[in-house]
>>> print(open('start_2.cif').read())   # mmCIF, N, CA and C atoms
data_model
loop_
_atom_site.label_atom_id
_atom_site.label_comp_id
_atom_site.auth_asym_id
_atom_site.auth_seq_id
_atom_site.Cartn_x
_atom_site.Cartn_y
_atom_site.Cartn_z
N MET Q 239 -141.13 27.88 74.29
CA MET Q 239 -140.37 26.85 73.61
C MET Q 239 -139.56 27.50 72.49
N ASP Q 240 -138.49 28.16 72.81
CA ASP Q 240 -137.64 28.84 71.86
C ASP Q 240 -136.43 28.02 71.44
N ARG Q 241 -136.41 26.77 71.84
CA ARG Q 241 -135.30 25.89 71.54
C ARG Q 241 -135.11 25.74 70.02
N GLU Q 242 -133.89 25.89 69.57
CA GLU Q 242 -133.60 25.77 68.15
C GLU Q 242 -133.63 24.30 67.75
N VAL Q 243 -134.39 24.00 66.70
CA VAL Q 243 -134.53 22.63 66.24
C VAL Q 243 -134.23 22.56 64.75
N GLY Q 244 -134.24 21.34 64.23
CA GLY Q 244 -134.04 21.16 62.81
C GLY Q 244 -132.57 20.99 62.46
N VAL Q 245 -132.30 21.24 61.18
CA VAL Q 245 -130.95 21.07 60.67
C VAL Q 245 -130.55 22.30 59.86
N GLU Q 246 -129.27 22.47 59.79
CA GLU Q 246 -128.69 23.49 58.92
C GLU Q 246 -127.96 22.74 57.82
N ILE Q 247 -128.23 23.10 56.56
CA ILE Q 247 -127.61 22.40 55.43
C ILE Q 247 -126.76 23.39 54.65
N MET Q 248 -125.50 23.02 54.43
CA MET Q 248 -124.58 23.86 53.68
C MET Q 248 -123.91 23.04 52.59
N SER Q 249 -123.76 23.61 51.41
CA SER Q 249 -123.03 22.95 50.33
C SER Q 249 -121.55 23.18 50.51
N GLU Q 250 -120.78 22.12 50.29
CA GLU Q 250 -119.31 22.19 50.37
C GLU Q 250 -118.76 21.45 49.15
N GLY Q 251 -118.71 22.14 48.00
CA GLY Q 251 -118.29 21.47 46.77
C GLY Q 251 -119.34 20.46 46.35
N SER Q 252 -118.92 19.20 46.12
CA SER Q 252 -119.87 18.16 45.73
C SER Q 252 -120.51 17.49 46.94
N ALA Q 253 -120.17 17.98 48.12
CA ALA Q 253 -120.73 17.43 49.36
C ALA Q 253 -121.70 18.44 49.98
N ALA Q 254 -122.49 17.91 50.91
CA ALA Q 254 -123.36 18.77 51.71
C ALA Q 254 -123.10 18.45 53.17
N LEU Q 255 -123.15 19.46 53.99
CA LEU Q 255 -122.98 19.28 55.43
C LEU Q 255 -124.32 19.52 56.09
N VAL Q 256 -124.80 18.51 56.81
CA VAL Q 256 -126.06 18.61 57.55
C VAL Q 256 -125.71 18.64 59.03
N ALA Q 257 -125.93 19.78 59.66
CA ALA Q 257 -125.61 19.94 61.08
C ALA Q 257 -126.91 20.04 61.87
N PHE Q 258 -127.05 19.16 62.84
CA PHE Q 258 -128.22 19.22 63.71
C PHE Q 258 -128.08 20.42 64.63
N LYS Q 259 -129.16 21.16 64.84
CA LYS Q 259 -129.12 22.37 65.66
C LYS Q 259 -129.32 22.09 67.15
N ALA Q 260 -130.01 21.01 67.48
CA ALA Q 260 -130.36 20.73 68.87
C ALA Q 260 -129.44 19.67 69.46
N ALA Q 261 -129.26 19.72 70.76
CA ALA Q 261 -128.46 18.71 71.47
C ALA Q 261 -129.23 17.41 71.64
N SER Q 262 -130.55 17.51 71.67
CA SER Q 262 -131.41 16.33 71.82
C SER Q 262 -132.38 16.28 70.65
N ILE Q 263 -132.33 15.17 69.92
CA ILE Q 263 -133.20 15.00 68.75
C ILE Q 263 -134.12 13.83 69.05
N SER Q 264 -135.30 14.14 69.57
CA SER Q 264 -136.19 13.06 69.98
C SER Q 264 -137.63 13.25 69.54
N SER Q 265 -138.02 14.45 69.20
CA SER Q 265 -139.39 14.72 68.80
C SER Q 265 -139.64 14.22 67.38
N ALA Q 266 -140.71 13.46 67.22
CA ALA Q 266 -141.06 12.95 65.89
C ALA Q 266 -141.30 14.11 64.92
N GLU Q 267 -141.89 15.18 65.40
CA GLU Q 267 -142.16 16.34 64.54
C GLU Q 267 -140.86 16.98 64.07
N GLU Q 268 -139.89 17.12 64.98
CA GLU Q 268 -138.59 17.69 64.62
C GLU Q 268 -137.90 16.83 63.57
N ILE Q 269 -137.92 15.54 63.77
CA ILE Q 269 -137.23 14.63 62.85
C ILE Q 269 -137.92 14.62 61.50
N ASP Q 270 -139.26 14.64 61.49
CA ASP Q 270 -140.00 14.70 60.22
C ASP Q 270 -139.69 15.99 59.47
N ALA Q 271 -139.61 17.10 60.20
CA ALA Q 271 -139.30 18.39 59.57
C ALA Q 271 -137.88 18.36 58.98
N ALA Q 272 -136.93 17.81 59.72
CA ALA Q 272 -135.56 17.69 59.23
C ALA Q 272 -135.52 16.80 57.99
N SER Q 273 -136.26 15.71 58.02
CA SER Q 273 -136.31 14.78 56.90
C SER Q 273 -136.81 15.48 55.64
N ARG Q 274 -137.88 16.25 55.77
CA ARG Q 274 -138.42 16.98 54.62
C ARG Q 274 -137.40 17.98 54.08
N GLN Q 275 -136.73 18.68 54.99
CA GLN Q 275 -135.73 19.68 54.59
C GLN Q 275 -134.56 19.02 53.84
N ILE Q 276 -134.10 17.89 54.35
CA ILE Q 276 -132.98 17.18 53.72
C ILE Q 276 -133.38 16.62 52.36
N LYS Q 277 -134.56 16.02 52.27
CA LYS Q 277 -135.02 15.44 51.00
C LYS Q 277 -135.19 16.52 49.93
N GLU Q 278 -135.69 17.67 50.34
CA GLU Q 278 -135.84 18.78 49.40
C GLU Q 278 -134.47 19.23 48.89
N PHE Q 279 -133.51 19.31 49.81
CA PHE Q 279 -132.14 19.69 49.41
C PHE Q 279 -131.57 18.67 48.42
N ILE Q 280 -131.77 17.39 48.69
CA ILE Q 280 -131.26 16.34 47.80
C ILE Q 280 -131.88 16.46 46.42
N GLU Q 281 -133.19 16.65 46.36
CA GLU Q 281 -133.88 16.78 45.07
C GLU Q 281 -133.33 17.95 44.25
N GLU Q 282 -133.02 19.04 44.92
CA GLU Q 282 -132.56 20.24 44.23
C GLU Q 282 -131.07 20.20 43.88
N ASN Q 283 -130.25 19.49 44.69
CA ASN Q 283 -128.79 19.61 44.55
C ASN Q 283 -128.05 18.32 44.20
N HIS Q 284 -128.63 17.16 44.44
CA HIS Q 284 -127.99 15.87 44.17
C HIS Q 284 -126.54 15.80 44.67
N PRO Q 285 -126.31 16.02 45.95
CA PRO Q 285 -124.93 15.96 46.46
C PRO Q 285 -124.36 14.55 46.35
N ARG Q 286 -123.07 14.45 46.05
CA ARG Q 286 -122.40 13.14 45.98
C ARG Q 286 -122.22 12.55 47.37
N ARG Q 287 -122.07 13.41 48.36
CA ARG Q 287 -121.89 12.97 49.74
C ARG Q 287 -122.63 13.93 50.66
N ILE Q 288 -123.25 13.34 51.68
CA ILE Q 288 -123.82 14.15 52.75
C ILE Q 288 -123.11 13.78 54.04
N VAL Q 289 -122.55 14.79 54.67
CA VAL Q 289 -121.89 14.63 55.96
C VAL Q 289 -122.91 15.02 57.02
N PHE Q 290 -123.31 14.06 57.85
CA PHE Q 290 -124.18 14.36 58.98
C PHE Q 290 -123.29 14.66 60.17
N ASP Q 291 -123.31 15.91 60.60
CA ASP Q 291 -122.45 16.37 61.69
C ASP Q 291 -123.21 16.29 63.01
N PHE Q 292 -122.73 15.44 63.91
CA PHE Q 292 -123.37 15.22 65.20
C PHE Q 292 -122.65 15.98 66.33
N GLU Q 293 -121.85 16.98 66.00
CA GLU Q 293 -121.04 17.67 67.00
C GLU Q 293 -121.87 18.20 68.17
N ARG Q 294 -123.03 18.77 67.90
CA ARG Q 294 -123.86 19.37 68.96
C ARG Q 294 -124.77 18.35 69.65
N VAL Q 295 -124.87 17.15 69.09
CA VAL Q 295 -125.88 16.18 69.55
C VAL Q 295 -125.39 15.35 70.73
N LYS Q 296 -126.21 15.31 71.76
CA LYS Q 296 -125.92 14.51 72.95
C LYS Q 296 -126.86 13.30 73.06
N PHE Q 297 -128.03 13.39 72.41
CA PHE Q 297 -129.02 12.32 72.46
C PHE Q 297 -129.84 12.34 71.18
N PHE Q 298 -130.19 11.16 70.67
CA PHE Q 298 -131.16 11.09 69.58
C PHE Q 298 -132.00 9.83 69.71
N SER Q 299 -133.22 9.91 69.19
CA SER Q 299 -134.11 8.74 69.22
C SER Q 299 -133.77 7.84 68.04
N SER Q 300 -134.29 6.63 68.09
CA SER Q 300 -134.03 5.66 67.03
C SER Q 300 -134.58 6.13 65.69
N GLN Q 301 -135.52 7.06 65.70
CA GLN Q 301 -136.07 7.58 64.45
C GLN Q 301 -134.99 8.28 63.62
N VAL Q 302 -133.95 8.79 64.27
CA VAL Q 302 -132.84 9.42 63.54
C VAL Q 302 -132.11 8.37 62.71
N LEU Q 303 -131.97 7.16 63.23
CA LEU Q 303 -131.34 6.08 62.47
C LEU Q 303 -132.16 5.79 61.21
N GLY Q 304 -133.47 5.78 61.37
CA GLY Q 304 -134.35 5.59 60.21
C GLY Q 304 -134.17 6.69 59.18
N LEU Q 305 -134.03 7.92 59.64
CA LEU Q 305 -133.79 9.05 58.75
C LEU Q 305 -132.49 8.85 57.97
N LEU Q 306 -131.43 8.46 58.67
CA LEU Q 306 -130.14 8.24 58.00
C LEU Q 306 -130.24 7.14 56.95
N LEU Q 307 -130.93 6.06 57.27
CA LEU Q 307 -131.08 4.95 56.32
C LEU Q 307 -131.92 5.36 55.11
N GLU Q 308 -132.94 6.15 55.36
CA GLU Q 308 -133.79 6.63 54.27
C GLU Q 308 -133.01 7.53 53.32
N VAL Q 309 -132.24 8.45 53.89
CA VAL Q 309 -131.43 9.36 53.07
C VAL Q 309 -130.35 8.57 52.33
N ARG Q 310 -129.77 7.60 53.00
CA ARG Q 310 -128.75 6.75 52.37
C ARG Q 310 -129.32 6.05 51.14
N ALA Q 311 -130.52 5.49 51.26
CA ALA Q 311 -131.16 4.80 50.14
C ALA Q 311 -131.40 5.77 48.98
N LYS Q 312 -131.81 6.97 49.29
CA LYS Q 312 -132.06 7.98 48.26
C LYS Q 312 -130.76 8.34 47.52
N LEU Q 313 -129.68 8.52 48.26
CA LEU Q 313 -128.40 8.86 47.64
C LEU Q 313 -127.81 7.70 46.84
N GLN Q 314 -128.06 6.49 47.28
CA GLN Q 314 -127.51 5.33 46.58
C GLN Q 314 -128.07 5.19 45.16
N THR Q 315 -129.22 5.80 44.89
CA THR Q 315 -129.79 5.71 43.55
C THR Q 315 -128.89 6.38 42.51
N TYR Q 316 -128.00 7.27 42.95
CA TYR Q 316 -127.05 7.88 42.02
C TYR Q 316 -125.62 7.81 42.57
N ASP Q 317 -125.33 6.74 43.30
CA ASP Q 317 -123.99 6.46 43.84
C ASP Q 317 -123.49 7.51 44.83
N GLY Q 318 -124.39 8.16 45.52
CA GLY Q 318 -124.01 9.08 46.58
C GLY Q 318 -123.82 8.31 47.88
N GLU Q 319 -123.29 8.98 48.89
CA GLU Q 319 -123.09 8.32 50.18
C GLU Q 319 -123.31 9.28 51.33
N ILE Q 320 -123.54 8.68 52.49
CA ILE Q 320 -123.65 9.43 53.74
C ILE Q 320 -122.47 9.06 54.60
N VAL Q 321 -121.88 10.05 55.26
CA VAL Q 321 -120.87 9.79 56.28
C VAL Q 321 -121.27 10.55 57.54
N ILE Q 322 -120.74 10.10 58.66
CA ILE Q 322 -121.07 10.67 59.97
C ILE Q 322 -119.82 11.34 60.53
N SER Q 323 -120.00 12.54 61.09
CA SER Q 323 -118.85 13.20 61.69
C SER Q 323 -119.16 13.65 63.11
N ALA Q 324 -118.10 13.72 63.90
CA ALA Q 324 -118.10 14.30 65.25
C ALA Q 324 -119.15 13.68 66.18
N ILE Q 325 -119.34 12.39 66.08
CA ILE Q 325 -120.32 11.74 66.95
C ILE Q 325 -119.63 11.34 68.26
N ASN Q 326 -120.31 11.54 69.37
CA ASN Q 326 -119.67 11.20 70.64
C ASN Q 326 -119.70 9.69 70.87
N PRO Q 327 -118.80 9.17 71.71
CA PRO Q 327 -118.67 7.72 71.89
C PRO Q 327 -119.96 7.02 72.33
N GLN Q 328 -120.76 7.67 73.16
CA GLN Q 328 -122.01 7.03 73.60
C GLN Q 328 -122.97 6.85 72.43
N LEU Q 329 -123.07 7.83 71.58
CA LEU Q 329 -123.95 7.72 70.42
C LEU Q 329 -123.37 6.77 69.38
N HIS Q 330 -122.05 6.73 69.28
CA HIS Q 330 -121.43 5.80 68.33
C HIS Q 330 -121.76 4.35 68.72
N ARG Q 331 -121.90 4.11 70.01
CA ARG Q 331 -122.27 2.76 70.48
C ARG Q 331 -123.60 2.31 69.90
N VAL Q 332 -124.53 3.23 69.72
CA VAL Q 332 -125.82 2.89 69.12
C VAL Q 332 -125.62 2.33 67.72
N PHE Q 333 -124.72 2.94 66.96
CA PHE Q 333 -124.43 2.45 65.62
C PHE Q 333 -123.80 1.05 65.68
N LYS Q 334 -122.93 0.83 66.65
CA LYS Q 334 -122.31 -0.49 66.80
C LYS Q 334 -123.32 -1.55 67.19
N ILE Q 335 -124.16 -1.24 68.16
CA ILE Q 335 -125.16 -2.20 68.64
C ILE Q 335 -126.11 -2.61 67.51
N THR Q 336 -126.45 -1.68 66.65
CA THR Q 336 -127.38 -1.95 65.55
C THR Q 336 -126.67 -2.39 64.27
N ASN Q 337 -125.35 -2.55 64.33
CA ASN Q 337 -124.51 -2.92 63.19
C ASN Q 337 -124.51 -1.88 62.06
N LEU Q 338 -124.98 -0.69 62.34
CA LEU Q 338 -124.96 0.37 61.34
C LEU Q 338 -123.56 0.96 61.16
N ASP Q 339 -122.67 0.64 62.09
CA ASP Q 339 -121.28 1.09 61.93
C ASP Q 339 -120.62 0.40 60.74
N LYS Q 340 -121.25 -0.65 60.22
CA LYS Q 340 -120.70 -1.37 59.08
C LYS Q 340 -121.12 -0.73 57.74
N ILE Q 341 -122.15 0.11 57.76
CA ILE Q 341 -122.60 0.71 56.49
C ILE Q 341 -122.32 2.21 56.40
N PHE Q 342 -121.99 2.84 57.51
CA PHE Q 342 -121.64 4.25 57.49
C PHE Q 342 -120.15 4.41 57.83
N ARG Q 343 -119.53 5.39 57.20
CA ARG Q 343 -118.16 5.73 57.57
C ARG Q 343 -118.21 6.89 58.55
N PHE Q 344 -117.25 6.89 59.47
CA PHE Q 344 -117.22 7.89 60.54
C PHE Q 344 -115.93 8.69 60.46
N PHE Q 345 -116.05 9.99 60.72
CA PHE Q 345 -114.91 10.89 60.73
C PHE Q 345 -114.91 11.68 62.03
N PRO Q 346 -113.73 12.06 62.51
CA PRO Q 346 -113.66 12.78 63.79
C PRO Q 346 -114.32 14.16 63.76
N ASP Q 347 -114.37 14.78 62.57
CA ASP Q 347 -114.98 16.10 62.47
C ASP Q 347 -115.46 16.32 61.03
N ALA Q 348 -116.28 17.34 60.86
CA ALA Q 348 -116.86 17.62 59.54
C ALA Q 348 -115.78 17.97 58.52
N LYS Q 349 -114.78 18.70 58.95
CA LYS Q 349 -113.71 19.12 58.03
C LYS Q 349 -113.02 17.91 57.40
N SER Q 350 -112.68 16.91 58.19
CA SER Q 350 -111.99 15.74 57.64
C SER Q 350 -112.94 14.93 56.74
N ALA Q 351 -114.22 14.90 57.06
CA ALA Q 351 -115.19 14.19 56.21
C ALA Q 351 -115.31 14.87 54.85
N ILE Q 352 -115.34 16.19 54.84
CA ILE Q 352 -115.45 16.94 53.59
C ILE Q 352 -114.16 16.83 52.79
N GLU Q 353 -113.02 16.95 53.48
CA GLU Q 353 -111.73 16.83 52.78
C GLU Q 353 -111.55 15.45 52.18
N SER Q 354 -112.03 14.43 52.85
CA SER Q 354 -111.96 13.07 52.32
C SER Q 354 -112.73 12.98 51.00
N ASN Q 355 -113.87 13.64 50.93
CA ASN Q 355 -114.67 13.67 49.71
C ASN Q 355 -113.89 14.35 48.59
N GLU Q 356 -113.23 15.46 48.90
CA GLU Q 356 -112.45 16.18 47.89
C GLU Q 356 -111.28 15.33 47.40
N ASP Q 357 -110.62 14.62 48.33
CA ASP Q 357 -109.51 13.75 47.93
C ASP Q 357 -109.99 12.66 46.99
N GLU Q 358 -111.15 12.06 47.28
CA GLU Q 358 -111.69 11.00 46.43
C GLU Q 358 -112.10 11.55 45.08
N SER Q 359 -112.65 12.76 45.03
CA SER Q 359 -113.06 13.37 43.76
C SER Q 359 -111.85 13.63 42.88
N ASN Q 360 -110.73 13.99 43.47
CA ASN Q 360 -109.52 14.28 42.71
C ASN Q 360 -108.90 13.02 42.11
N ARG Q 361 -109.20 11.86 42.70
CA ARG Q 361 -108.64 10.60 42.19
C ARG Q 361 -109.42 10.06 41.01
N ILE Q 362 -110.63 10.53 40.82
CA ILE Q 362 -111.49 9.99 39.75
C ILE Q 362 -111.12 10.56 38.41
#
>>> encode(input="start_2.cif", output="structure tokens")
Amino acid sequence: MDREVGVEIMSEGSAALVAFKAASISSAEEIDAASRQIKEFIEENHPRRIVFDFERVKFFSSQVLGLLLEVRAKLQTYDGEIVISAINPQLHRVFKITNLDKIFRFFPDAKSAIESNEDESNRI
């Protein structure tokens, strides 16, 4: 079982980019490990925005939605936000069906999501 799992987290100015390493995110253990890694990063860095990059992801379990909502609640305590990038149309449907497309913003790729954050920071 050499499959790469978890997330890679990179700082991009006042934003953070969280990229899932696996194409399928379904194991409760994998999601719990990613959750711990992300929460630790938030505690240490307090990013204004976290971009969750789904470029490599082809499938995820509903537990990933719970992770996104949990991280969103944590960021909202200091006016931070989560945005989603590079999600494929089939996975985007899950957000629509659950009405989560109304609380998350979506970008075609991580670069545009990060640049949007920089543009907003410059206006403040």
>>> resolve_selection(input="start_2.cif", expression="the PyMOL selection byres (((chain Q and resi 352 and name CA) around 10) and name CA)", output="mmCIF file with N, CA and C atoms, in the frame of the given file")
data_model
loop_
_atom_site.group_PDB
_atom_site.id
_atom_site.type_symbol
_atom_site.label_atom_id
_atom_site.label_comp_id
_atom_site.auth_asym_id
_atom_site.auth_seq_id
_atom_site.Cartn_x
_atom_site.Cartn_y
_atom_site.Cartn_z
ATOM 1 N N GLU Q 250 -120.780 22.120 50.290
ATOM 2 C CA GLU Q 250 -119.310 22.190 50.370
ATOM 3 C C GLU Q 250 -118.760 21.450 49.150
ATOM 4 N N GLY Q 251 -118.710 22.140 48.000
ATOM 5 C CA GLY Q 251 -118.290 21.470 46.770
ATOM 6 C C GLY Q 251 -119.340 20.460 46.350
ATOM 7 N N SER Q 252 -118.920 19.200 46.120
ATOM 8 C CA SER Q 252 -119.870 18.160 45.730
ATOM 9 C C SER Q 252 -120.510 17.490 46.940
ATOM 10 N N ALA Q 253 -120.170 17.980 48.120
ATOM 11 C CA ALA Q 253 -120.730 17.430 49.360
ATOM 12 C C ALA Q 253 -121.700 18.440 49.980
ATOM 13 N N ALA Q 254 -122.490 17.910 50.910
ATOM 14 C CA ALA Q 254 -123.360 18.770 51.710
ATOM 15 C C ALA Q 254 -123.100 18.450 53.170
ATOM 16 N N LEU Q 255 -123.150 19.460 53.990
ATOM 17 C CA LEU Q 255 -122.980 19.280 55.430
ATOM 18 C C LEU Q 255 -124.320 19.520 56.090
ATOM 19 N N ARG Q 287 -122.070 13.410 48.360
ATOM 20 C CA ARG Q 287 -121.890 12.970 49.740
ATOM 21 C C ARG Q 287 -122.630 13.930 50.660
ATOM 22 N N ILE Q 288 -123.250 13.340 51.680
ATOM 23 C CA ILE Q 288 -123.820 14.150 52.750
ATOM 24 C C ILE Q 288 -123.110 13.780 54.040
ATOM 25 N N VAL Q 289 -122.550 14.790 54.670
ATOM 26 C CA VAL Q 289 -121.890 14.630 55.960
ATOM 27 C C VAL Q 289 -122.910 15.020 57.020
ATOM 28 N N VAL Q 321 -121.880 10.050 55.260
ATOM 29 C CA VAL Q 321 -120.870 9.790 56.280
ATOM 30 C C VAL Q 321 -121.270 10.550 57.540
ATOM 31 N N SER Q 323 -120.000 12.540 61.090
ATOM 32 C CA SER Q 323 -118.850 13.200 61.690
ATOM 33 C C SER Q 323 -119.160 13.650 63.110
ATOM 34 N N PHE Q 345 -116.050 9.990 60.720
ATOM 35 C CA PHE Q 345 -114.910 10.890 60.730
ATOM 36 C C PHE Q 345 -114.910 11.680 62.030
ATOM 37 N N ASP Q 347 -114.370 14.780 62.570
ATOM 38 C CA ASP Q 347 -114.980 16.100 62.470
ATOM 39 C C ASP Q 347 -115.460 16.320 61.030
ATOM 40 N N ALA Q 348 -116.280 17.340 60.860
ATOM 41 C CA ALA Q 348 -116.860 17.620 59.540
ATOM 42 C C ALA Q 348 -115.780 17.970 58.520
ATOM 43 N N LYS Q 349 -114.780 18.700 58.950
ATOM 44 C CA LYS Q 349 -113.710 19.120 58.030
ATOM 45 C C LYS Q 349 -113.020 17.910 57.400
ATOM 46 N N SER Q 350 -112.680 16.910 58.190
ATOM 47 C CA SER Q 350 -111.990 15.740 57.640
ATOM 48 C C SER Q 350 -112.940 14.930 56.740
ATOM 49 N N ALA Q 351 -114.220 14.900 57.060
ATOM 50 C CA ALA Q 351 -115.190 14.190 56.210
ATOM 51 C C ALA Q 351 -115.310 14.870 54.850
ATOM 52 N N GLU Q 353 -113.020 16.950 53.480
ATOM 53 C CA GLU Q 353 -111.730 16.830 52.780
ATOM 54 C C GLU Q 353 -111.550 15.450 52.180
ATOM 55 N N SER Q 354 -112.030 14.430 52.850
ATOM 56 C CA SER Q 354 -111.960 13.070 52.320
ATOM 57 C C SER Q 354 -112.730 12.980 51.000
ATOM 58 N N ASN Q 355 -113.870 13.640 50.930
ATOM 59 C CA ASN Q 355 -114.670 13.670 49.710
ATOM 60 C C ASN Q 355 -113.890 14.350 48.590
ATOM 61 N N GLU Q 356 -113.230 15.460 48.900
ATOM 62 C CA GLU Q 356 -112.450 16.180 47.890
ATOM 63 C C GLU Q 356 -111.280 15.330 47.400
ATOM 64 N N ASP Q 357 -110.620 14.620 48.330
ATOM 65 C CA ASP Q 357 -109.510 13.750 47.930
ATOM 66 C C ASP Q 357 -109.990 12.660 46.990
#
>>> closest_residue(input="start_2.cif", among="Q:Val302, Q:Ile280, Q:Val309, Q:Ile341", to="Ala266 (chain Q)", atoms="only C-alpha atoms")
Q:Val302
>>> select_by_dssp(input="start_2.cif", residues="chain Q", states="strand (DSSP E)", output="PyMOL selection string")
chain Q and resi 245-250+253-258+262-263+287-291+297-298+319-323+343-345
>>> atom_distance(input="start_2.cif", atom1="atom N of His330 (chain Q)", atom2="CA of Asn283 (chain Q)")
28.7 Å
>>> closest_residue(input="start_2.cif", among="Q:Ile263, Q:Met248, Q:Ala257, Q:Val332", to="Gln301 (chain Q)", atoms="all atoms listed in the file")
Q:Ile263
>>> atom_distance(input="start_2.cif", atom1="CA of Asn326 (chain Q)", atom2="CA of Arg310 (chain Q)")
20.9 Å
>>> atom_distance(input="start_2.cif", atom1="CA of Leu329 (chain Q)", atom2="CA of Leu305 (chain Q)")
15.3 Å
>>> select_by_dssp(input="start_2.cif", residues="chain Q", states="alpha helix (DSSP H)", output="PyMOL selection string")
chain Q and resi 266-283+300-314+327-335+348-361
>>> closest_residue(input="start_2.cif", among="Q:Val295, Q:Ile269, Q:Ile325, Q:Leu307", to="Phe344 (chain Q)", atoms="all atoms listed in the file")
Q:Ile325
>>> resolve_selection(input="start_2.cif", expression="the PyMOL selection byres ((chain Q and resi 246) around 8)", output="list in words")
Val243, Gly244, Val245, Ile247, Met248, Ser249, Ala254, Leu255, Val256, Ala257, Phe258, Lys259, Ala260 and Ala272 of chain Q
>>> axis_aligned_box(input="start_2.cif", around="region 340-343 of chain Q", padding_each_side="3 Å", output="AutoDock Vina command-line options")
--center_x -120.4 --center_y 2.8 --center_z 58.3 --size_x 10.4 --size_y 14.3 --size_z 9.8
>>> closest_residue(input="start_2.cif", among="Q:Gln275, Q:Gln328, Q:Thr315, Q:Ser264", to="Leu303 (chain Q)", atoms="only C-alpha atoms")
Q:Ser264
